[in-house]
Every structure is written in structure tokens, then in C-alpha cells.
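One structure is given below, encoded as C-alpha cells.
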Amino acid sequence: MMDFYLNNVTSLPDPRENETALAGIPDWRREYIVRYMRPCDRKLSLGAWRLLEETLHRKGFSISDVTIGKNGKLECEGVYFNLSHSADMVLCAISDTPVGCDIEKVTDAPMEVAEHVFSRKERQYIADAENEGEMNRRFFRLWTMKESYVKMTGEGMSLSPKCVEIGLETLTIQRDSMIQSCTLQNTAYDGYEVSICQSEIRS
């Protein structure tokens, strides 16, 4: 079982200006939400929590069971989930095995970092795009797929992105030249790239 849900946070109130938006949210999460300096970041943090609340409810779990686990990662016994956000969108993936997700709005990609995060084959995939817009899309497609994998493993940025290579024909992940036991999904949605990586093995 693996599902993912998306929400746009544009219509949400700024939780620092409207405390009713924080109703029912535990104190530790309230503090996390309102600590952000920019209103857009506070709305994204609020939106991510509300989306998680709704997602867990759909699957028969309660947001009250969410705790802070190792390395500050949110956890809920009996289910795996992961959150991501970008621009005005929040993403929540939920699964019965470890899962990671990432969403990025397709903008002008920082191509100067490509050599540091992508393999030669991946850089060629970007360079072969027909136009600049497609180059940007391919950059963020690869970026979100790699990010979803390192979030699924829990390693985050402690793992060099160059250790991970995307098999684009089959949507597989190679780590240090070894195929990984996980399922990778990618989709384009309204100007965003969305990727989810699900482990095939329960931890």
C-alpha cells in the first residue's frame, strides 16, 4: 500500500496572525510552525501538518499518535509517511514500508550544481533536452527522485547524491552500482515535479 496526497496552501491563513488556524495542533508543532520568519513558510508548515492529519485519518490512524523520532523525524507506529513542500504545494506520502517523497516547483534550475549531484549519464540526460524549459524539468525530475530516495533511507544529505544514480528507462535506483530494493514513482503536476520512493522491505 502506498498513496500520496497534494494540497495547495495559498488560501491558508498566516498562523502567526490567526491563531485559530492552529487549533488542535500540539504545542511542540505550533512552536515549530510559527518560528518561521516568512508567512509563506509558516503556511507551508501548517499545510503540511494539516495534510498529514487528513492522510492519517483516511488510513485509520490518528495525528495524536505522531511522535518525534530519531534525528527529529516524525513517526507514527504502524505506518510510514513522509512530507515535502515547495512554493505553494505540500506533499504527503504514506505507506506500509519506509517511504520518502519530494516535490519541487520547476524554475530556473541551478545548473552549476549539476556536476556535484548528478552522474555523467544524468547530466547528459539534462543536456539532451530540446529547450531550456525541458532542461529545467529534467533537472528537477532527477533531483526529486534522488531526494525521495535519501529521505526514504533516512540518510538525507549525509549521503552524497553522486552515490545514487537513477535508471531512467526503468525508474530504478543504483547505489554504488548496486540496484536498490525500492519502487520509484515520478509525475509532473501543474508545474511541479513529484517523486516518491518506497522500500520493498519493511524495516
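Residues in the C-alpha cells are numbered from 1 in each chain, the chains being A, B, ... in the order shown, and ligands are numbered from 1 in the order shown.
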
Exercise. List the neighbours of A:Lys105 out to 8 Å using only C-alpha atoms; skip same-chain residues closer than 2 positions along the sequence, and give me the result as number ranges by chain.
Key: A: 86-87, 103, 107, 140, 191-193

Emit the selected residues as a tab-separated table (two decimals), in the first residue's frame, including all heavy atoms.
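selection-v3.tsv written:
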```tsv
chain	number	residue	atom	x	y	z
A	86	SER	N	7.04	22.77	-1.51
A	86	SER	CA	7.75	23.67	-2.41
A	86	SER	C	6.77	24.71	-2.92
A	86	SER	O	5.63	24.38	-3.27
A	86	SER	CB	8.34	22.89	-3.59
A	86	SER	OG	8.96	23.76	-4.52
A	87	ALA	N	7.21	25.96	-2.93
A	87	ALA	CA	6.36	27.07	-3.40
A	87	ALA	C	5.04	27.07	-2.66
A	87	ALA	O	5.02	27.32	-1.46
A	87	ALA	CB	6.18	27.02	-4.91
A	103	ILE	N	8.88	17.17	-3.59
A	103	ILE	CA	8.21	17.98	-4.59
A	103	ILE	C	9.02	19.24	-4.81
A	103	ILE	O	9.55	19.82	-3.86
A	103	ILE	CB	6.76	18.33	-4.17
A	103	ILE	CG1	6.06	19.15	-5.26
A	103	ILE	CG2	6.71	19.05	-2.82
A	103	ILE	CD1	4.56	19.34	-5.03
A	107	THR	N	11.58	25.68	-11.85
A	107	THR	CA	12.01	27.06	-12.09
A	107	THR	C	13.32	27.00	-12.85
A	107	THR	O	13.69	25.98	-13.41
A	107	THR	CB	12.18	27.80	-10.75
A	107	THR	OG1	13.14	27.08	-9.95
A	107	THR	CG2	10.86	27.87	-9.98
A	140	PHE	N	14.94	18.94	-12.27
A	140	PHE	CA	14.14	18.75	-11.06
A	140	PHE	C	13.53	17.35	-11.00
A	140	PHE	O	13.26	16.85	-9.90
A	140	PHE	CB	13.07	19.83	-10.95
A	140	PHE	CG	13.64	21.16	-10.54
A	140	PHE	CD1	13.72	22.20	-11.44
A	140	PHE	CD2	14.12	21.36	-9.26
A	140	PHE	CE1	14.27	23.42	-11.08
A	140	PHE	CE2	14.67	22.57	-8.88
A	140	PHE	CZ	14.74	23.61	-9.79
A	191	GLY	N	3.22	22.23	-13.03
A	191	GLY	CA	4.45	22.99	-12.92
A	191	GLY	C	5.39	22.51	-11.84
A	191	GLY	O	6.41	23.16	-11.56
A	192	TYR	N	5.09	21.37	-11.24
A	192	TYR	CA	5.94	20.77	-10.21
A	192	TYR	C	6.40	19.39	-10.67
A	192	TYR	O	5.73	18.74	-11.47
A	192	TYR	CB	5.17	20.60	-8.89
A	192	TYR	CG	4.79	21.88	-8.20
A	192	TYR	CD1	3.68	22.62	-8.61
A	192	TYR	CD2	5.52	22.35	-7.11
A	192	TYR	CE1	3.32	23.79	-7.96
A	192	TYR	CE2	5.16	23.52	-6.45
A	192	TYR	CZ	4.07	24.23	-6.89
A	192	TYR	OH	3.71	25.39	-6.24
A	193	GLU	N	7.53	18.95	-10.12
A	193	GLU	CA	7.96	17.56	-10.25
A	193	GLU	C	7.75	16.88	-8.89
A	193	GLU	O	8.14	17.43	-7.85
A	193	GLU	CB	9.42	17.47	-10.66
A	193	GLU	CG	9.67	17.76	-12.13
A	193	GLU	CD	9.08	16.68	-13.06
A	193	GLU	OE1	9.20	15.49	-12.73
A	193	GLU	OE2	8.50	17.05	-14.10
```

Quiz item: Skipping near chain neighbours, those fewer than 5 positions away, what residues fall within 6 Å of stretch 38-52 of chain A using only C-alpha atoms, listed as a list of chain:residue names?
Solution: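 Those residues are A:Val9, A:Asp14, A:Ile33, A:Val90.
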
Output N, CA, C and O atoms of each residue in that selection to a file, as a JSON list (two decimals), in the first residue's frame.
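To be explicit, this is the file written out as again_29.json:
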```
[["chain", "number", "residue", "atom", "x", "y", "z"],
["A", 9, "VAL", "N", -1.50, 25.52, -0.45],
["A", 9, "VAL", "CA", -1.66, 26.23, 0.83],
["A", 9, "VAL", "C", -1.98, 27.71, 0.64],
["A", 9, "VAL", "O", -2.05, 28.46, 1.63],
["A", 14, "ASP", "N", -2.22, 33.03, 7.68],
["A", 14, "ASP", "CA", -0.92, 33.05, 8.36],
["A", 14, "ASP", "C", -1.16, 32.66, 9.82],
["A", 14, "ASP", "O", -1.85, 33.37, 10.55],
["A", 33, "ILE", "N", 5.86, 25.62, 13.76],
["A", 33, "ILE", "CA", 5.21, 26.32, 12.65],
["A", 33, "ILE", "C", 5.47, 27.82, 12.70],
["A", 33, "ILE", "O", 5.84, 28.44, 11.70],
["A", 90, "VAL", "N", 2.10, 21.34, -0.80],
["A", 90, "VAL", "CA", 2.61, 20.39, 0.19],
["A", 90, "VAL", "C", 2.26, 18.98, -0.29],
["A", 90, "VAL", "O", 1.24, 18.76, -0.95]]
```

Quiz item: Pick from A:Lys146, A:His85, A:Arg29, A:Arg16: nearest to A:Ile63, with only C-alpha atoms counted?
Solution: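 When distances to A:Ile63 are compared using only C-alpha atoms, the smallest one comes from A:Arg29.
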
Would you return as a PDB file with N, CA, C and O atoms, in the first residue's frame the members of stretch 14-173 of chain A that DSSP assigns to strand (DSSP E) on this structure's backbone?
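Saved the output as part-v1.pdb:
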```
ATOM      1  N   THR A  67       4.828  11.110  16.817  1.00  0.00           N
ATOM      2  CA  THR A  67       5.888  11.485  17.749  1.00  0.00           C
ATOM      3  C   THR A  67       7.119  11.931  16.967  1.00  0.00           C
ATOM      4  O   THR A  67       7.205  11.744  15.747  1.00  0.00           O
ATOM      5  N   ILE A  68       8.070  12.497  17.686  1.00  0.00           N
ATOM      6  CA  ILE A  68       9.333  12.890  17.077  1.00  0.00           C
ATOM      7  C   ILE A  68      10.343  11.775  17.328  1.00  0.00           C
ATOM      8  O   ILE A  68      10.679  11.475  18.471  1.00  0.00           O
ATOM      9  N   LEU A  74       9.408  12.807  12.082  1.00  0.00           N
ATOM     10  CA  LEU A  74       8.082  12.477  12.585  1.00  0.00           C
ATOM     11  C   LEU A  74       7.771  11.009  12.311  1.00  0.00           C
ATOM     12  O   LEU A  74       8.064  10.490  11.229  1.00  0.00           O
ATOM     13  N   GLU A  75       7.131  10.338  13.296  1.00  0.00           N
ATOM     14  CA  GLU A  75       6.825   8.923  13.166  1.00  0.00           C
ATOM     15  C   GLU A  75       5.440   8.632  13.725  1.00  0.00           C
ATOM     16  O   GLU A  75       4.926   9.372  14.561  1.00  0.00           O
ATOM     17  N   TYR A  80       4.200   4.258   7.791  1.00  0.00           N
ATOM     18  CA  TYR A  80       5.315   5.118   7.399  1.00  0.00           C
ATOM     19  C   TYR A  80       4.767   6.272   6.568  1.00  0.00           C
ATOM     20  O   TYR A  80       3.855   6.085   5.754  1.00  0.00           O
ATOM     21  N   PHE A  81       5.344   7.459   6.771  1.00  0.00           N
ATOM     22  CA  PHE A  81       4.927   8.608   5.969  1.00  0.00           C
ATOM     23  C   PHE A  81       6.103   9.558   5.799  1.00  0.00           C
ATOM     24  O   PHE A  81       7.106   9.478   6.504  1.00  0.00           O
ATOM     25  N   ASN A  82       5.956  10.462   4.848  1.00  0.00           N
ATOM     26  CA  ASN A  82       6.976  11.477   4.619  1.00  0.00           C
ATOM     27  C   ASN A  82       6.306  12.718   4.044  1.00  0.00           C
ATOM     28  O   ASN A  82       5.297  12.621   3.340  1.00  0.00           O
ATOM     29  N   LEU A  83       6.861  13.881   4.356  1.00  0.00           N
ATOM     30  CA  LEU A  83       6.305  15.161   3.931  1.00  0.00           C
ATOM     31  C   LEU A  83       7.326  15.939   3.106  1.00  0.00           C
ATOM     32  O   LEU A  83       8.533  15.812   3.315  1.00  0.00           O
ATOM     33  N   SER A  84       6.815  16.767   2.205  1.00  0.00           N
ATOM     34  CA  SER A  84       7.673  17.670   1.449  1.00  0.00           C
ATOM     35  C   SER A  84       6.839  18.868   1.032  1.00  0.00           C
ATOM     36  O   SER A  84       5.605  18.801   0.973  1.00  0.00           O
ATOM     37  N   HIS A  85       7.494  19.977   0.732  1.00  0.00           N
ATOM     38  CA  HIS A  85       6.765  21.147   0.232  1.00  0.00           C
ATOM     39  C   HIS A  85       7.664  22.003  -0.644  1.00  0.00           C
ATOM     40  O   HIS A  85       8.898  21.967  -0.542  1.00  0.00           O
ATOM     41  N   SER A  86       7.037  22.766  -1.515  1.00  0.00           N
ATOM     42  CA  SER A  86       7.750  23.671  -2.412  1.00  0.00           C
ATOM     43  C   SER A  86       6.773  24.712  -2.922  1.00  0.00           C
ATOM     44  O   SER A  86       5.630  24.379  -3.267  1.00  0.00           O
ATOM     45  N   MET A  89       2.816  24.328  -2.668  1.00  0.00           N
ATOM     46  CA  MET A  89       2.281  22.972  -2.579  1.00  0.00           C
ATOM     47  C   MET A  89       2.928  22.176  -1.450  1.00  0.00           C
ATOM     48  O   MET A  89       4.128  22.313  -1.179  1.00  0.00           O
ATOM     49  N   VAL A  90       2.098  21.345  -0.796  1.00  0.00           N
ATOM     50  CA  VAL A  90       2.608  20.387   0.190  1.00  0.00           C
ATOM     51  C   VAL A  90       2.256  18.985  -0.288  1.00  0.00           C
ATOM     52  O   VAL A  90       1.239  18.762  -0.952  1.00  0.00           O
ATOM     53  N   LEU A  91       3.120  18.033   0.062  1.00  0.00           N
ATOM     54  CA  LEU A  91       3.005  16.650  -0.386  1.00  0.00           C
ATOM     55  C   LEU A  91       3.149  15.722   0.811  1.00  0.00           C
ATOM     56  O   LEU A  91       4.004  15.943   1.676  1.00  0.00           O
ATOM     57  N   CYS A  92       2.304  14.698   0.874  1.00  0.00           N
ATOM     58  CA  CYS A  92       2.417  13.679   1.913  1.00  0.00           C
ATOM     59  C   CYS A  92       2.313  12.312   1.250  1.00  0.00           C
ATOM     60  O   CYS A  92       1.359  12.044   0.514  1.00  0.00           O
ATOM     61  N   ALA A  93       3.311  11.458   1.485  1.00  0.00           N
ATOM     62  CA  ALA A  93       3.281  10.071   1.020  1.00  0.00           C
ATOM     63  C   ALA A  93       3.117   9.165   2.233  1.00  0.00           C
ATOM     64  O   ALA A  93       3.698   9.430   3.287  1.00  0.00           O
ATOM     65  N   ILE A  94       2.330   8.104   2.094  1.00  0.00           N
ATOM     66  CA  ILE A  94       2.068   7.193   3.203  1.00  0.00           C
ATOM     67  C   ILE A  94       2.142   5.767   2.683  1.00  0.00           C
ATOM     68  O   ILE A  94       1.706   5.473   1.559  1.00  0.00           O
ATOM     69  N   SER A  95       2.717   4.863   3.497  1.00  0.00           N
ATOM     70  CA  SER A  95       2.982   3.522   3.009  1.00  0.00           C
ATOM     71  C   SER A  95       3.080   2.544   4.178  1.00  0.00           C
ATOM     72  O   SER A  95       3.213   2.936   5.339  1.00  0.00           O
ATOM     73  N   VAL A  99       9.122   5.105   3.297  1.00  0.00           N
ATOM     74  CA  VAL A  99       8.806   5.891   2.102  1.00  0.00           C
ATOM     75  C   VAL A  99       9.425   7.279   2.217  1.00  0.00           C
ATOM     76  O   VAL A  99       9.569   7.822   3.307  1.00  0.00           O
ATOM     77  N   GLY A 100       9.828   7.812   1.094  1.00  0.00           N
ATOM     78  CA  GLY A 100      10.334   9.178   1.029  1.00  0.00           C
ATOM     79  C   GLY A 100       9.700   9.889  -0.145  1.00  0.00           C
ATOM     80  O   GLY A 100       9.345   9.247  -1.154  1.00  0.00           O
ATOM     81  N   CYS A 101       9.513  11.193  -0.030  1.00  0.00           N
ATOM     82  CA  CYS A 101       8.902  11.937  -1.126  1.00  0.00           C
ATOM     83  C   CYS A 101       9.556  13.297  -1.271  1.00  0.00           C
ATOM     84  O   CYS A 101      10.160  13.826  -0.333  1.00  0.00           O
ATOM     85  N   ASP A 102       9.429  13.864  -2.456  1.00  0.00           N
ATOM     86  CA  ASP A 102       9.944  15.212  -2.680  1.00  0.00           C
ATOM     87  C   ASP A 102       9.135  15.885  -3.777  1.00  0.00           C
ATOM     88  O   ASP A 102       8.743  15.240  -4.758  1.00  0.00           O
ATOM     89  N   ILE A 103       8.882  17.171  -3.589  1.00  0.00           N
ATOM     90  CA  ILE A 103       8.207  17.982  -4.589  1.00  0.00           C
ATOM     91  C   ILE A 103       9.022  19.243  -4.815  1.00  0.00           C
ATOM     92  O   ILE A 103       9.552  19.824  -3.855  1.00  0.00           O
ATOM     93  N   GLU A 104       9.181  19.637  -6.059  1.00  0.00           N
ATOM     94  CA  GLU A 104       9.908  20.863  -6.393  1.00  0.00           C
ATOM     95  C   GLU A 104       9.181  21.574  -7.522  1.00  0.00           C
ATOM     96  O   GLU A 104       8.789  20.949  -8.514  1.00  0.00           O
ATOM     97  N   LYS A 105       9.011  22.884  -7.358  1.00  0.00           N
ATOM     98  CA  LYS A 105       8.456  23.688  -8.447  1.00  0.00           C
ATOM     99  C   LYS A 105       9.525  23.846  -9.518  1.00  0.00           C
ATOM    100  O   LYS A 105      10.696  24.121  -9.208  1.00  0.00           O
ATOM    101  N   VAL A 164      24.151   7.896  -5.788  1.00  0.00           N
ATOM    102  CA  VAL A 164      22.850   7.395  -6.235  1.00  0.00           C
ATOM    103  C   VAL A 164      22.658   7.779  -7.697  1.00  0.00           C
ATOM    104  O   VAL A 164      22.778   8.946  -8.060  1.00  0.00           O
ATOM    105  N   GLU A 165      22.364   6.793  -8.532  1.00  0.00           N
ATOM    106  CA  GLU A 165      22.108   7.067  -9.949  1.00  0.00           C
ATOM    107  C   GLU A 165      20.742   6.526 -10.328  1.00  0.00           C
ATOM    108  O   GLU A 165      20.386   5.402  -9.969  1.00  0.00           O
ATOM    109  N   ILE A 166      19.994   7.342 -11.056  1.00  0.00           N
ATOM    110  CA  ILE A 166      18.642   6.974 -11.477  1.00  0.00           C
ATOM    111  C   ILE A 166      18.697   6.229 -12.804  1.00  0.00           C
ATOM    112  O   ILE A 166      19.277   6.730 -13.777  1.00  0.00           O
ATOM    113  N   GLY A 167      18.094   5.043 -12.849  1.00  0.00           N
ATOM    114  CA  GLY A 167      17.921   4.334 -14.112  1.00  0.00           C
ATOM    115  C   GLY A 167      16.651   4.831 -14.774  1.00  0.00           C
ATOM    116  O   GLY A 167      15.550   4.398 -14.424  1.00  0.00           O
ATOM    117  N   THR A 172      14.677   2.804 -11.830  1.00  0.00           N
ATOM    118  CA  THR A 172      15.346   2.087 -10.755  1.00  0.00           C
ATOM    119  C   THR A 172      16.423   2.976 -10.148  1.00  0.00           C
ATOM    120  O   THR A 172      16.818   3.988 -10.734  1.00  0.00           O
ATOM    121  N   ILE A 173      16.895   2.588  -8.975  1.00  0.00           N
ATOM    122  CA  ILE A 173      17.945   3.336  -8.296  1.00  0.00           C
ATOM    123  C   ILE A 173      19.140   2.433  -8.083  1.00  0.00           C
ATOM    124  O   ILE A 173      19.014   1.323  -7.556  1.00  0.00           O
TER     125      ILE A 173
END
```

Quiz item: For A:Lys70, which residue among A:Asn18, A:Glu155, A:Ala109, A:Asp3 is the nearest when counting only C-alpha atoms?
Solution: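 For A:Lys70, the nearest of the candidates is A:Glu155.
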